[in-house]
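J.: Input protein_32.txt, format and content: compact mmCIF, C-alpha atoms.
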```txt
# COMPACT_ATOMS: atom_id res chain seq x y z
CA GLU A 16 193.28 -43.34 -31.71
CA LEU A 17 190.14 -41.26 -32.08
CA GLU A 18 186.61 -42.52 -31.67
CA VAL A 19 183.08 -41.26 -31.13
CA THR A 20 181.64 -42.88 -28.03
CA ASP A 21 179.33 -42.34 -25.06
CA VAL A 22 180.84 -40.77 -21.95
CA PRO A 23 179.34 -39.58 -18.65
CA GLU A 24 177.75 -36.13 -18.81
CA PRO A 25 179.92 -33.35 -17.36
CA VAL A 26 179.04 -32.32 -13.82
CA CYS A 27 178.61 -28.60 -13.21
CA LYS A 28 180.81 -27.44 -10.33
CA PRO A 29 179.91 -24.47 -8.12
CA ASP A 30 182.30 -22.25 -10.14
CA SER A 31 181.79 -23.64 -13.67
CA ILE A 32 179.15 -23.68 -16.36
CA VAL A 33 177.94 -26.40 -18.74
CA LEU A 34 177.23 -25.76 -22.42
CA ARG A 35 175.14 -27.63 -24.92
CA ILE A 36 177.39 -27.48 -27.99
CA ARG A 37 175.64 -26.18 -31.07
CA THR A 38 178.56 -26.14 -33.52
CA CYS A 39 182.30 -26.83 -33.41
CA THR A 40 184.46 -26.50 -36.52
CA ILE A 41 187.48 -28.69 -37.20
CA CYS A 42 190.87 -27.03 -36.75
CA GLY A 43 194.22 -27.97 -38.23
CA THR A 44 195.28 -28.66 -34.64
CA ASP A 45 192.64 -31.40 -34.45
CA LEU A 46 194.07 -32.98 -37.59
CA LYS A 47 197.59 -32.81 -36.12
CA LEU A 48 196.36 -34.46 -32.91
CA TYR A 49 194.91 -37.30 -34.97
CA THR A 50 197.82 -37.81 -37.36
CA ALA A 51 200.87 -36.86 -35.29
CA GLY A 52 199.71 -36.48 -31.69
CA ASN A 53 200.73 -33.76 -29.25
CA PRO A 54 202.53 -34.39 -25.94
CA ARG A 55 200.35 -31.74 -24.27
CA CYS A 56 197.18 -33.70 -25.00
CA LYS A 57 196.92 -36.65 -22.61
CA PRO A 58 194.33 -39.27 -23.59
CA PRO A 59 191.55 -39.82 -22.91
CA ARG A 60 190.53 -36.32 -23.97
CA ILE A 61 187.55 -34.88 -25.81
CA ILE A 62 188.96 -32.51 -28.43
CA GLY A 63 187.52 -29.56 -30.38
CA HIS A 64 187.81 -25.86 -29.54
CA GLU A 65 186.26 -23.72 -32.32
CA LEU A 66 182.85 -23.66 -30.70
CA VAL A 67 179.57 -22.01 -29.99
CA GLY A 68 177.38 -23.38 -27.21
CA GLU A 69 174.30 -22.61 -25.15
CA VAL A 70 174.50 -22.25 -21.37
CA ILE A 71 172.31 -24.96 -19.82
CA GLU A 72 173.66 -24.95 -16.27
CA ALA A 73 175.64 -22.49 -14.12
CA GLY A 74 177.25 -23.12 -10.75
CA VAL A 75 175.99 -21.32 -7.66
CA GLN A 76 179.14 -19.19 -7.52
CA VAL A 77 178.87 -18.07 -11.15
CA GLU A 78 177.38 -14.66 -11.85
CA GLY A 79 176.53 -12.87 -15.06
CA TRP A 80 175.54 -15.82 -17.25
CA ALA A 81 171.92 -16.71 -17.94
CA LEU A 82 170.58 -20.06 -19.04
CA GLY A 83 169.96 -20.10 -22.79
CA GLU A 84 172.69 -17.57 -23.63
CA ARG A 85 174.97 -18.55 -26.50
CA VAL A 86 178.70 -18.15 -25.99
CA THR A 87 182.03 -18.86 -27.61
CA LEU A 88 185.43 -19.14 -25.94
CA ALA A 89 188.94 -17.81 -26.07
CA THR A 90 190.34 -21.28 -25.61
CA THR A 91 193.89 -20.41 -24.55
CA ILE A 92 193.44 -19.69 -20.86
CA GLY A 93 196.14 -17.66 -19.10
CA CYS A 94 196.92 -17.79 -15.39
CA ASN A 95 196.22 -14.03 -14.99
CA GLN A 96 199.12 -13.76 -12.57
CA CYS A 97 202.37 -14.00 -14.56
CA ASP A 98 204.26 -11.18 -16.27
CA TYR A 99 202.82 -12.10 -19.69
CA CYS A 100 199.24 -11.99 -18.48
CA LYS A 101 199.88 -8.66 -16.77
CA ARG A 102 201.20 -7.35 -20.10
CA ASN A 103 197.93 -8.43 -21.77
CA ILE A 104 199.58 -11.15 -23.85
CA GLU A 105 197.79 -14.01 -22.13
CA ASN A 106 198.28 -16.19 -25.20
CA LEU A 107 202.00 -16.41 -24.32
CA CYS A 108 201.40 -17.34 -20.67
CA PRO A 109 203.87 -20.07 -19.64
CA ASN A 110 201.18 -21.50 -17.36
CA MET A 111 198.42 -21.48 -20.00
CA ARG A 112 195.84 -24.25 -20.10
CA CYS A 113 193.83 -24.93 -23.22
CA ILE A 114 190.45 -26.32 -24.13
CA SER A 115 190.93 -29.65 -25.95
CA MET A 116 194.42 -30.06 -24.47
CA ASP A 117 194.10 -29.61 -20.70
CA PHE A 118 190.29 -29.52 -20.54
CA ASP A 119 187.71 -31.53 -22.47
CA GLY A 120 186.60 -29.83 -25.65
CA ALA A 121 183.58 -29.35 -27.84
CA PHE A 122 183.23 -32.35 -30.15
CA ALA A 123 180.52 -33.43 -27.75
CA GLU A 124 176.90 -32.79 -26.94
CA LEU A 125 177.79 -31.18 -23.60
CA MET A 126 180.94 -29.44 -22.34
CA GLU A 127 181.99 -27.97 -19.02
CA VAL A 128 183.63 -24.52 -19.08
CA PRO A 129 186.22 -24.44 -16.27
CA ALA A 130 186.30 -21.75 -13.61
CA GLN A 131 189.68 -20.50 -14.83
CA ALA A 132 188.13 -19.58 -18.18
CA ILE A 133 185.22 -17.77 -16.55
CA ARG A 134 187.49 -15.80 -14.21
CA GLY A 135 189.83 -14.88 -17.05
CA GLY A 136 187.14 -13.37 -19.26
CA ASN A 137 187.51 -16.18 -21.81
CA VAL A 138 183.74 -16.67 -22.17
CA ILE A 139 182.31 -14.32 -24.82
CA ARG A 140 178.63 -13.72 -25.61
CA VAL A 141 177.34 -14.37 -29.11
CA PRO A 142 174.72 -11.85 -30.34
CA ASP A 143 171.34 -13.27 -31.33
CA GLU A 144 171.74 -12.35 -35.00
CA VAL A 145 175.00 -14.30 -35.40
CA GLU A 146 174.12 -17.85 -36.42
CA ASP A 147 175.91 -20.85 -34.96
CA ARG A 148 178.30 -21.78 -37.74
CA THR A 149 179.27 -18.13 -38.08
CA ALA A 150 179.99 -17.83 -34.36
CA ALA A 151 182.10 -20.99 -34.44
CA LEU A 152 184.59 -19.11 -36.63
CA ALA A 153 185.29 -16.58 -33.87
CA GLU A 154 188.19 -18.56 -32.39
CA PRO A 155 190.15 -19.14 -35.63
CA LEU A 156 189.34 -15.60 -36.78
CA SER A 157 190.68 -14.28 -33.47
CA CYS A 158 194.05 -15.92 -34.22
CA VAL A 159 194.08 -14.14 -37.58
CA ILE A 160 193.20 -10.82 -35.93
CA ASN A 161 196.07 -11.24 -33.47
CA ALA A 162 198.48 -11.97 -36.33
CA GLU A 163 197.38 -9.11 -38.57
CA ARG A 164 197.60 -6.63 -35.73
CA LEU A 165 201.15 -7.77 -35.05
CA ALA A 166 201.91 -7.38 -38.75
CA GLY A 167 200.40 -3.89 -38.74
CA VAL A 168 197.74 -4.34 -41.44
CA LYS A 169 196.13 -0.95 -41.99
CA PRO A 170 193.83 0.87 -44.43
CA GLY A 171 195.33 1.29 -47.88
CA ASP A 172 197.74 -1.64 -47.61
CA THR A 173 198.39 -4.31 -50.19
CA VAL A 174 198.25 -7.60 -48.29
CA LEU A 175 199.52 -10.87 -49.70
CA VAL A 176 198.39 -14.18 -48.20
CA ILE A 177 200.46 -17.26 -49.03
CA GLY A 178 198.19 -20.31 -48.92
CA ALA A 179 194.43 -20.48 -49.52
CA GLY A 180 193.50 -22.95 -46.83
CA PRO A 181 190.81 -22.20 -44.24
CA LEU A 182 193.01 -19.87 -42.20
CA GLY A 183 194.51 -18.29 -45.30
CA CYS A 184 191.02 -17.42 -46.50
CA LEU A 185 190.23 -15.95 -43.08
CA CYS A 186 193.47 -13.92 -43.35
CA ALA A 187 192.25 -12.50 -46.66
CA GLU A 188 188.82 -11.65 -45.28
CA ALA A 189 190.25 -10.04 -42.14
CA ALA A 190 192.68 -7.97 -44.22
CA LYS A 191 189.73 -6.54 -46.16
CA ALA A 192 187.93 -5.84 -42.89
CA PHE A 193 191.05 -4.02 -41.64
CA GLY A 194 190.82 -1.74 -44.67
CA ALA A 195 193.41 -3.23 -47.01
CA HIS A 196 193.19 -1.66 -50.46
CA ARG A 197 194.31 -4.82 -52.24
CA VAL A 198 194.36 -8.46 -51.12
CA ILE A 199 196.27 -11.11 -53.07
CA MET A 200 196.44 -14.86 -52.40
CA THR A 201 198.78 -17.51 -53.81
CA GLN A 202 197.89 -21.20 -54.03
CA ARG A 203 198.94 -24.35 -55.92
CA SER A 204 196.09 -26.82 -55.31
CA PRO A 205 193.38 -26.63 -58.03
CA ALA A 206 190.61 -27.42 -55.53
CA ARG A 207 191.71 -24.71 -53.12
CA LEU A 208 192.18 -22.26 -55.99
CA ALA A 209 188.57 -22.80 -57.04
CA LEU A 210 187.28 -22.21 -53.51
CA ALA A 211 189.46 -19.13 -52.89
CA ARG A 212 188.22 -17.56 -56.11
CA ARG A 213 184.74 -17.40 -54.59
CA LEU A 214 185.96 -14.72 -52.16
CA LYS A 215 184.98 -11.27 -53.35
CA GLY A 216 187.65 -8.63 -53.71
CA VAL A 217 190.56 -11.07 -53.53
CA GLU A 218 193.05 -11.65 -56.37
CA VAL A 219 194.02 -15.32 -56.45
CA LEU A 220 197.24 -16.38 -58.20
CA ASP A 221 197.82 -19.92 -59.42
CA VAL A 222 201.51 -20.49 -58.63
CA SER A 223 201.50 -24.23 -59.37
CA ALA A 224 203.44 -23.88 -62.61
CA GLY A 225 205.37 -20.63 -62.24
CA ASP A 226 207.62 -18.80 -59.82
CA ALA A 227 205.46 -17.38 -57.03
CA VAL A 228 207.85 -14.55 -56.19
CA GLU A 229 208.08 -13.44 -59.81
CA GLN A 230 204.29 -13.44 -60.18
CA VAL A 231 203.76 -11.36 -57.05
CA LEU A 232 206.43 -8.85 -58.00
CA ALA A 233 205.01 -8.62 -61.50
CA ILE A 234 201.51 -7.61 -60.37
CA THR A 235 202.87 -5.18 -57.73
CA HIS A 236 205.10 -3.33 -60.22
CA GLY A 237 208.22 -4.82 -58.67
CA ASN A 238 207.47 -3.48 -55.20
CA GLY A 239 205.97 -6.42 -53.36
CA ALA A 240 203.23 -6.28 -50.73
CA ASP A 241 203.03 -4.04 -47.67
CA VAL A 242 202.21 -7.07 -45.53
CA VAL A 243 202.81 -10.75 -46.32
CA MET A 244 200.94 -13.36 -44.29
CA ALA A 245 202.68 -16.74 -44.60
CA ALA A 246 199.68 -19.00 -44.00
CA ALA A 247 201.10 -22.12 -45.68
CA PRO A 248 202.96 -24.47 -43.31
CA THR A 249 206.13 -24.85 -45.37
CA GLY A 250 209.64 -23.50 -44.96
CA GLU A 251 209.72 -22.59 -48.64
CA SER A 252 206.73 -20.28 -48.29
CA GLN A 253 208.26 -18.57 -45.26
CA ALA A 254 211.52 -17.92 -47.12
CA GLU A 255 209.63 -16.66 -50.17
CA ALA A 256 207.54 -14.34 -48.00
CA LEU A 257 210.60 -12.17 -47.37
CA GLN A 258 211.11 -11.83 -51.12
CA MET A 259 207.49 -10.80 -51.67
CA ALA A 260 207.44 -7.94 -49.15
CA ARG A 261 208.12 -4.36 -50.19
CA LYS A 262 210.85 -2.31 -48.54
CA GLY A 263 209.64 -1.11 -45.17
CA GLY A 264 206.99 -3.81 -45.18
CA ALA A 265 206.13 -6.63 -42.81
CA VAL A 266 206.03 -10.42 -42.86
CA ASN A 267 204.03 -12.53 -40.44
CA LEU A 268 204.92 -16.21 -40.07
CA PHE A 269 201.35 -17.22 -39.33
CA ALA A 270 201.43 -20.97 -40.05
CA SER A 271 203.46 -23.18 -37.73
CA LEU A 272 206.03 -25.61 -39.14
CA PRO A 273 206.23 -29.21 -37.89
CA ARG A 274 208.41 -29.91 -34.88
CA GLY A 275 211.80 -31.16 -36.09
CA ASP A 276 211.35 -29.56 -39.50
CA SER A 277 211.20 -25.87 -38.64
CA MET A 278 214.69 -24.65 -39.59
CA VAL A 279 214.49 -22.35 -42.62
CA ALA A 280 217.32 -20.77 -44.63
CA PHE A 281 216.57 -17.21 -45.77
CA ASP A 282 218.43 -14.11 -46.87
CA THR A 283 218.82 -11.78 -43.89
CA ARG A 284 219.96 -9.00 -46.26
CA LEU A 285 216.33 -8.71 -47.33
CA ILE A 286 215.42 -7.91 -43.73
CA HIS A 287 218.38 -5.63 -43.14
CA TYR A 288 218.37 -3.53 -46.29
CA GLY A 289 214.62 -3.70 -46.77
CA GLN A 290 213.92 -2.73 -43.16
CA LEU A 291 211.41 -5.54 -42.92
CA ALA A 292 209.51 -6.32 -39.73
CA VAL A 293 209.16 -10.08 -39.23
CA THR A 294 206.67 -11.31 -36.62
CA GLY A 295 205.15 -14.54 -35.47
CA ALA A 296 201.69 -15.15 -34.03
CA SER A 297 200.40 -17.81 -31.68
CA ASP A 298 196.78 -18.31 -30.64
CA SER A 299 194.77 -15.31 -29.41
CA ARG A 300 193.44 -13.47 -26.39
CA PRO A 301 189.89 -12.86 -25.14
CA ARG A 302 189.95 -9.35 -26.63
CA ASP A 303 190.77 -10.82 -30.05
CA VAL A 304 187.79 -13.20 -29.80
CA ARG A 305 185.49 -10.31 -28.87
CA ASP A 306 186.74 -8.39 -31.90
CA ALA A 307 186.22 -11.48 -34.07
CA VAL A 308 182.61 -11.76 -32.90
CA ALA A 309 182.13 -8.07 -33.77
CA LEU A 310 183.49 -8.58 -37.30
CA LEU A 311 181.26 -11.61 -37.79
CA GLN A 312 178.25 -9.69 -36.46
CA ALA A 313 178.99 -6.88 -38.91
CA GLY A 314 179.01 -9.34 -41.82
CA LYS A 315 182.64 -8.60 -42.69
CA ILE A 316 183.61 -12.25 -43.17
CA ASP A 317 182.39 -14.46 -46.05
CA VAL A 318 181.24 -17.38 -43.92
CA GLU A 319 179.28 -18.97 -46.77
CA THR A 320 182.47 -19.52 -48.74
CA ILE A 321 184.69 -20.55 -45.83
CA VAL A 322 182.35 -23.07 -44.13
CA THR A 323 181.98 -25.64 -46.90
CA HIS A 324 180.68 -28.71 -45.03
CA GLU A 325 178.42 -29.50 -42.05
CA LEU A 326 178.36 -32.96 -40.48
CA PRO A 327 176.78 -34.56 -37.41
CA LEU A 328 179.00 -35.53 -34.49
CA GLU A 329 178.80 -39.20 -35.49
CA ARG A 330 180.73 -38.33 -38.67
CA LEU A 331 183.59 -36.46 -36.99
CA LEU A 332 186.15 -38.93 -38.34
CA ASP A 333 184.78 -38.41 -41.85
CA GLY A 334 185.20 -34.67 -41.39
CA ILE A 335 188.80 -35.02 -40.22
CA GLU A 336 189.54 -37.28 -43.19
CA GLN A 337 188.02 -34.68 -45.51
CA MET A 338 190.29 -32.09 -43.95
CA ARG A 339 193.31 -34.38 -44.38
CA ARG A 340 192.46 -34.71 -48.07
CA ARG A 341 191.91 -30.93 -48.29
CA VAL A 342 188.32 -31.33 -49.36
CA GLY A 343 186.66 -27.96 -48.81
CA LEU A 344 187.73 -25.40 -46.23
CA LYS A 345 186.10 -25.25 -42.79
CA ILE A 346 184.08 -28.30 -41.74
CA ALA A 347 181.43 -27.70 -39.08
CA ILE A 348 180.39 -30.46 -36.68
CA ARG A 349 176.88 -30.04 -35.31
CA PRO A 350 176.12 -32.30 -32.31
```
What is this structure when it is put down as structure tokens?

T.:
Amino acid sequence: ELEVTDVPEPVCKPDSIVLRIRTCTICGTDLKLYTAGNPRCKPPRIIGHELVGEVIEAGVQVEGWALGERVTLATTIGCNQCDYCKRNIENLCPNMRCISMDFDGAFAELMEVPAQAIRGGNVIRVPDEVEDRTAALAEPLSCVINAERLAGVKPGDTVLVIGAGPLGCLCAEAAKAFGAHRVIMTQRSPARLALARRLKGVEVLDVSAGDAVEQVLAITHGNGADVVMAAAPTGESQAEALQMARKGGAVNLFASLPRGDSMVAFDTRLIHYGQLAVTGASDSRPRDVRDAVALLQAGKIDVETIVTHELPLERLLDGIEQMRRRVGLKIAIRP
């Protein structure tokens, strides 16, 4: 059950801050919470984590944050004590706590930022010239940055993105920002095809009627792509990704598959004889969010194409339903 209702205002603790939320975009995780649930999210819980907010109160023990400053968050909060955190992969921390799962999130007028996030460097300033709905993309873009770094996207590469959903489109934009020479996307849905074709410098293939692997190999002279980002949440797309990568290339399994339906059959000879590197990617770290803000500030991401709808908080359920029906790409909620 999900409803928009009145709740008590958050109380600022001595070591926390309170934000007035300016924008929070809807994530696929929010849709999953609504349609399938998540055992980590214990109701009642305010959800939403792709946010930008304005500091309106800071605890007496908090230093370095001024009232009126706009911030976004790295919303996966590590413990900063375990081996993973010490290796600077806080997103894999076994003791992680997350905004919208363990702490109340940003589909609200006000939100408390917990002390653990402040201590961990998870609060990131938003420059004045970066508007709200642009800044709200920092968190999802940071997940893309983490994935493309793991996949080794570099200048001159041909990058293929499977799936032209919101995160797939961000994958394409980030690949260009990383210096990719050629960016290709595959998609079946006519509506998503039309939206993806608005992105400049991206070749979009309609694979609804033909063999996706054959089409990709045909336009890459039989070689395949240097990097394949599997951004569609299907086992078929993950298996096909291996067939679309060139020898010595890389595949990143960016989209998660549903629990209980994540076993995929694929040809390991492609990995062995093609010397393919296959990586996964989960969430992001504060450094990735800072880099995302920098890319957004530099105008490297086509926000106008990716943020297709803006709704008031009262219409959150409408926005989630639009996302379920794959109407548009990113939907921004503005309390």

J.: For a quick check of understanding, using only C-alpha atoms, which of A:Pro248, A:Pro54, A:Pro59, A:Pro170 has the smallest distance to Glu16 (chain A)?

T.: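 Among the listed residues, the smallest separation from Glu16 (chain A) belongs to A:Pro59.
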
J.: Could you pull out every residue with an atom within 12 Å of (178.6, -23.3, -45.5), file coordinates, counting all atoms listed in the file, and send them as a list in words?

T.: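 Selection result: Thr40, Glu146, Asp147, Arg148, Thr149, Ala151, Leu152, Leu210, Asp317, Val318, Glu319, Thr320, Ile321, Val322, Thr323, His324, Glu325, Leu326, Gly343, Leu344, Lys345, Ile346, Ala347 and Ile348 of chain A.
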
J.: Could you list, as a list of chain:residue names, every residue within 9 Å of region 19-27 of chain A, counting all atoms listed in the file and ignoring same-chain residues fewer than 5 positions away?

T.: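 Contacts, with the query itself left out: A:Ile32, A:Val33, A:Glu72, A:Ala73, A:Gly74, A:Phe122, A:Ala123, A:Glu124, A:Leu125, A:Met126, A:Glu127, A:Val128, A:Leu328, A:Glu329, A:Arg330, A:Leu331, A:Leu332.
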
J.: Would you mind telling me which residue in A:Ser157, A:Asn95, A:Gln290, A:Asn238 lies nearest to Arg112 (chain A) when using all atoms listed in the file?

T.: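 Under the stated criterion, the closest residue is A:Asn95.
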
J.: List as a PyMOL selection string the protein and nucleic acid residues near region 197-206 of chain A, meaning an atom at most 7 Å away when only C-alpha atoms are counted, but skip any in the same chain fewer than 4 places from it.

T.: chain A and resi 172-179+187+210+217-223

J.: Of the candidates A:Val231, A:Val67, A:Ala260, A:Ala209, which shows the shortest atom-to-atom distance to Val308 (chain A), using all atoms listed in the file?

T.: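 Answer, going by the shortest atom-to-atom distance: A:Val67.
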
J.: Starting from the sparse input, extend region 135-167 of chain A to N, CA and C atoms and give the output as a compact mmCIF listing (two decimals), keeping the file's coordinate frame.

T.:
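Now in selection20.txt:
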```txt
# COMPACT_ATOMS: atom_id res chain seq x y z
N GLY A 135 188.92 -15.58 -16.16
CA GLY A 135 189.83 -14.88 -17.05
C GLY A 135 189.16 -14.10 -18.16
N GLY A 136 187.83 -14.09 -18.21
CA GLY A 136 187.14 -13.37 -19.26
C GLY A 136 187.17 -14.09 -20.60
N ASN A 137 187.40 -15.41 -20.57
CA ASN A 137 187.51 -16.18 -21.81
C ASN A 137 186.16 -16.59 -22.40
N VAL A 138 185.07 -16.34 -21.67
CA VAL A 138 183.74 -16.67 -22.17
C VAL A 138 183.13 -15.41 -22.79
N ILE A 139 182.76 -15.49 -24.08
CA ILE A 139 182.31 -14.32 -24.82
C ILE A 139 180.90 -14.55 -25.35
N ARG A 140 180.00 -13.60 -25.12
CA ARG A 140 178.63 -13.72 -25.61
C ARG A 140 178.56 -13.66 -27.12
N VAL A 141 177.61 -14.39 -27.67
CA VAL A 141 177.34 -14.37 -29.11
C VAL A 141 176.01 -13.65 -29.33
N PRO A 142 175.98 -12.57 -30.10
CA PRO A 142 174.72 -11.85 -30.34
C PRO A 142 173.69 -12.74 -31.03
N ASP A 143 172.43 -12.45 -30.81
CA ASP A 143 171.34 -13.27 -31.33
C ASP A 143 171.38 -13.39 -32.85
N GLU A 144 171.80 -12.33 -33.53
CA GLU A 144 171.74 -12.35 -35.00
C GLU A 144 172.90 -13.11 -35.65
N VAL A 145 173.86 -13.55 -34.86
CA VAL A 145 175.00 -14.30 -35.40
C VAL A 145 174.68 -15.79 -35.31
N GLU A 146 174.50 -16.45 -36.45
CA GLU A 146 174.12 -17.85 -36.42
C GLU A 146 175.28 -18.73 -35.96
N ASP A 147 174.95 -19.97 -35.64
CA ASP A 147 175.91 -20.85 -34.96
C ASP A 147 177.19 -21.07 -35.75
N ARG A 148 177.07 -21.45 -37.02
CA ARG A 148 178.30 -21.78 -37.74
C ARG A 148 179.14 -20.54 -37.99
N THR A 149 178.51 -19.37 -38.00
CA THR A 149 179.27 -18.13 -38.08
C THR A 149 180.04 -17.90 -36.78
N ALA A 150 179.35 -18.06 -35.65
CA ALA A 150 179.99 -17.83 -34.36
C ALA A 150 181.13 -18.79 -34.10
N ALA A 151 181.04 -20.00 -34.66
CA ALA A 151 182.10 -20.99 -34.44
C ALA A 151 183.42 -20.56 -35.08
N LEU A 152 183.37 -19.61 -36.01
CA LEU A 152 184.59 -19.11 -36.63
C LEU A 152 185.30 -18.05 -35.78
N ALA A 153 184.70 -17.65 -34.67
CA ALA A 153 185.29 -16.58 -33.87
C ALA A 153 186.68 -16.94 -33.37
N GLU A 154 186.86 -18.19 -32.94
CA GLU A 154 188.19 -18.56 -32.39
C GLU A 154 189.27 -18.56 -33.47
N PRO A 155 189.10 -19.24 -34.61
CA PRO A 155 190.15 -19.14 -35.63
C PRO A 155 190.33 -17.73 -36.16
N LEU A 156 189.22 -16.99 -36.32
CA LEU A 156 189.34 -15.60 -36.78
C LEU A 156 190.11 -14.76 -35.77
N SER A 157 189.95 -15.04 -34.48
CA SER A 157 190.68 -14.28 -33.47
C SER A 157 192.19 -14.47 -33.61
N CYS A 158 192.62 -15.67 -34.01
CA CYS A 158 194.05 -15.92 -34.22
C CYS A 158 194.56 -15.09 -35.40
N VAL A 159 193.73 -14.96 -36.43
CA VAL A 159 194.08 -14.14 -37.58
C VAL A 159 194.16 -12.67 -37.17
N ILE A 160 193.20 -12.21 -36.39
CA ILE A 160 193.20 -10.82 -35.93
C ILE A 160 194.47 -10.52 -35.14
N ASN A 161 194.85 -11.41 -34.24
CA ASN A 161 196.07 -11.24 -33.47
C ASN A 161 197.27 -11.10 -34.40
N ALA A 162 197.35 -11.97 -35.41
CA ALA A 162 198.48 -11.97 -36.33
C ALA A 162 198.53 -10.70 -37.18
N GLU A 163 197.37 -10.27 -37.68
CA GLU A 163 197.38 -9.11 -38.57
C GLU A 163 197.62 -7.81 -37.80
N ARG A 164 197.24 -7.79 -36.55
CA ARG A 164 197.60 -6.63 -35.73
C ARG A 164 199.10 -6.58 -35.51
N LEU A 165 199.70 -7.73 -35.24
CA LEU A 165 201.15 -7.77 -35.05
C LEU A 165 201.87 -7.37 -36.32
N ALA A 166 201.29 -7.73 -37.47
CA ALA A 166 201.91 -7.38 -38.75
C ALA A 166 201.62 -5.94 -39.16
N GLY A 167 200.69 -5.30 -38.48
CA GLY A 167 200.40 -3.89 -38.74
C GLY A 167 199.54 -3.63 -39.95
```
